[in-house]
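Asks: After the structure tokens below, expect a handful of questions from me.
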Amino acid sequence: MNRQDKIIEYFRYLKDVGENELPIPDMAESGRSSGNTSQSEYEKNKRLELSDYKSKSQRLNEIGNEIKNCQNCALHKSRNNTVQGMGNPDADIMFIGEAPGAEEDRLGLPFVGRAGKLLDKILVAAGLTRDDVFITNILKCRPPDNRDPMPAEQIKCMPFLIRQIEVIEPKIICCLGRISAQGILKTKIALGKLRGQVHSFRGIPLIATYHPAAILRNDNLKRPTWDDFQFMLKTLEKLKEKE
Ligand code: SF4
């Protein structure tokens, strides 16, 4: 068998064992010896990206498990489920609401009631889906009767949110509603005045808009909320251009 036949035979063998790609040798080694490091760097970065993505999911799951067992405030007594959040661990946009409601508490998922369905519609209109973004709340347990989260509860729960932000590293954060915006920015400034500006939280650009539940109560908030989404997308575009 000549050299060419041997190569053809080898390719047949790979096909038979279900290999659709050529096995790549240790490019880091061959790159060093040949002085050509671009391929080895590429492979290394590719491997790093993959492990980075996996570790993001794993790290979010770990935080989720801690949330499930958390008894740091009294809300653990009345919850049916914790709601850690959902979405893309590598999302550019992170939406943060205030706290789970009745449906969220029942299902353990964020924004699944009427307000959640409206948020889905807004996302679709903006060319996004839940798989593109990450959605969570400041509080991971439902306050009884959907009352506003208390400052002490927010302080106790905030470390979970900060860790989620550190893992996801979103390019932009969008606070949904007054409680979320004021709680994260540690301000008493009205939501109406916080809108339309790019704030910063731990070095990440942040914008604020109305909570979908508020839009359900007041139809007049639809237009300004849509304007805020456009503002957020334009800001994100500019941020990406700078990269
Ligand atoms: S709301 Fe947050 S701090 Fe309070 S019990 Fe739930 S997870 Fe823990």
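In the structure tokens, chains take letters A, B, ... by order of appearance, with residues numbered from 1 within each chain and ligands from 1 in the order shown.
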Env of A:Leu75: 9 Å cut, atoms = only C-alpha atoms, seq-sep filter 6 positions within chain, self excluded. Answer as a PDB file with N, CA and C atoms, in the first residue's frame.
Replies:
ATOM      1  N   CYS A 141     -37.152  35.081  46.491  1.00  0.00           N
ATOM      2  CA  CYS A 141     -38.347  34.471  47.099  1.00  0.00           C
ATOM      3  C   CYS A 141     -39.476  35.494  47.084  1.00  0.00           C
ATOM      4  N   ARG A 142     -40.696  34.982  47.011  1.00  0.00           N
ATOM      5  CA  ARG A 142     -41.864  35.857  46.888  1.00  0.00           C
ATOM      6  C   ARG A 142     -42.230  36.523  48.216  1.00  0.00           C
ATOM      7  N   PRO A 143     -42.370  37.836  48.225  1.00  0.00           N
ATOM      8  CA  PRO A 143     -42.900  38.486  49.432  1.00  0.00           C
ATOM      9  C   PRO A 143     -44.403  38.189  49.540  1.00  0.00           C
ATOM     10  N   PRO A 144     -44.911  37.934  50.747  1.00  0.00           N
ATOM     11  CA  PRO A 144     -46.335  37.600  50.898  1.00  0.00           C
ATOM     12  C   PRO A 144     -47.230  38.686  50.303  1.00  0.00           C
ATOM     13  N   GLU A 153     -34.553  42.855  53.271  1.00  0.00           N
ATOM     14  CA  GLU A 153     -34.601  41.658  52.414  1.00  0.00           C
ATOM     15  C   GLU A 153     -33.711  41.850  51.180  1.00  0.00           C
TER      16      GLU A 153
END
Asks: Per residue of chain A within 7 Å of ligand 1, what are the shortest atom pair and its distance in Å to one decimal, counting only C-alpha atoms and all ligand atoms, with rows by chain and residue number, as CSV?
Replies:
residue,atom,partner,partner_atom_place_in_ligand_line,distance
A:Ile67,CA,ligand 1,7 (S),4.8
A:Lys68,CA,ligand 1,7 (S),6.9
A:Cys70,CA,ligand 1,8 (Fe),4.3
A:Gln71,CA,ligand 1,5 (S),4.4
A:Asn72,CA,ligand 1,3 (S),4.5
A:Cys73,CA,ligand 1,4 (Fe),4.0
A:Ala74,CA,ligand 1,5 (S),6.1
A:Leu75,CA,ligand 1,5 (S),5.0
A:His76,CA,ligand 1,5 (S),4.2
A:Thr82,CA,ligand 1,6 (Fe),6.6
A:Leu139,CA,ligand 1,1 (S),4.8
A:Lys140,CA,ligand 1,1 (S),4.7
A:Cys141,CA,ligand 1,1 (S),4.3
A:Glu153,CA,ligand 1,4 (Fe),5.9
A:Lys156,CA,ligand 1,3 (S),4.7
A:Cys157,CA,ligand 1,3 (S),3.8
Asks: Hey, can you spit out that residue selection with C-alpha atoms as a PDB file, in the first residue's frame?
Replies:
ATOM      1  CA  ILE A  67     -30.521  30.070  46.755  1.00  0.00           C
ATOM      2  CA  LYS A  68     -32.708  26.943  47.146  1.00  0.00           C
ATOM      3  CA  CYS A  70     -31.120  30.015  51.646  1.00  0.00           C
ATOM      4  CA  GLN A  71     -32.779  31.022  54.906  1.00  0.00           C
ATOM      5  CA  ASN A  72     -31.133  34.434  55.198  1.00  0.00           C
ATOM      6  CA  CYS A  73     -34.426  36.269  55.506  1.00  0.00           C
ATOM      7  CA  ALA A  74     -37.949  35.424  56.658  1.00  0.00           C
ATOM      8  CA  LEU A  75     -39.220  34.992  53.101  1.00  0.00           C
ATOM      9  CA  HIS A  76     -37.916  31.429  53.053  1.00  0.00           C
ATOM     10  CA  THR A  82     -37.088  29.957  44.975  1.00  0.00           C
ATOM     11  CA  LEU A 139     -35.301  38.931  45.557  1.00  0.00           C
ATOM     12  CA  LYS A 140     -35.317  35.220  44.871  1.00  0.00           C
ATOM     13  CA  CYS A 141     -38.347  34.471  47.099  1.00  0.00           C
ATOM     14  CA  GLU A 153     -34.601  41.658  52.414  1.00  0.00           C
ATOM     15  CA  LYS A 156     -29.732  40.022  52.370  1.00  0.00           C
ATOM     16  CA  CYS A 157     -30.524  38.785  48.867  1.00  0.00           C
TER      17      CYS A 157
END
Asks: Just the residues within 10 Å of A:Ser200, please, counting only C-alpha atoms, with nothing from its chain fewer than 6 positions along; format it as a list in words.
Replies: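 Counting only C-alpha atoms, the residues come to Ile172, Ile173, Ile184, Leu185, Leu206 and Ile207 of chain A.
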Asks: Could you state the separation of atom CA of A:Asp105 and atom CA of A:Asn137 in Å, given to one decimal place?
Replies: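 Separation of atom CA of A:Asp105 and atom CA of A:Asn137: 12.2 Å.
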Asks: What parts of stretch 126-226 of chain A does DSSP call alpha helix (DSSP H)? I'd like the answer as an MDAnalysis selection string.
Replies: chainID A and resid 151:168 178:185 191:194 212:217 222:226
Asks: Find the residue from A:Pro89, A:Gly177, A:Gly127, A:Pro110 that sits nearest to A:His211; use only C-alpha atoms when measuring.
Replies: A:Gly177
Asks: What parts of stretch 72-136 of chain A does DSSP call strand (DSSP E or B)? I'd like the answer as a ChimeraX atom specification.
Replies: /A:86-87,93-97,134-136
Asks: Just give me the gap between atom CA of A:Asp132 and atom CA of A:Thr225 in Å, one decimal is fine.
Replies: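 Atom-to-atom, atom CA of A:Asp132 and atom CA of A:Thr225 are spaced 19.2 Å apart.
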Asks: Skipping near chain neighbours, those fewer than 6 positions away, what residues fall within 12 Å of A:Leu216 using only C-alpha atoms, listed as number ranges by chain?
Replies: A: 113-119, 210, 222, 225
Asks: With a distance cut-off of 10 Å and only C-alpha atoms, select the neighbouring residues of A:Gly85, excluding the residue or stretch itself and same-chain residues fewer than 2 positions from it, and output the selection as a PyMOL selection string.
Replies: chain A and resi 60+64+82-83+87+95-96+100+108-111+134-138+140+161+164
Asks: Pick out the residues sitting within 10 Å of A:Ala181, and hand them over as a ChimeraX atom specification; count only C-alpha atoms, and ignore anything fewer than 6 positions along from it in its own chain.
Replies: /A:96-98,138,174-175,187-191,194-195,199,206-210
Asks: Enter the distance from atom CA of A:Phe231 to atom CA of A:Asp219, in Å, rounded to one decimal.
Replies: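 Between these atoms lies a distance of 19.8 Å.
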Asks: When you count only C-alpha atoms, which of these residues is closest to A:Leu236: A:Leu221, A:Ala91, A:Val124, A:Ile168?
Replies: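 Residue with the minimum atom-to-atom distance to A:Leu236: A:Ala91.
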Asks: Taking only C-alpha atoms into account, which of A:Lys234, A:Lys171, A:Lys186, A:Arg130 comes nearest A:Gln154?
Replies: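 Using only C-alpha atoms, A:Gln154 sits closest to A:Lys186.
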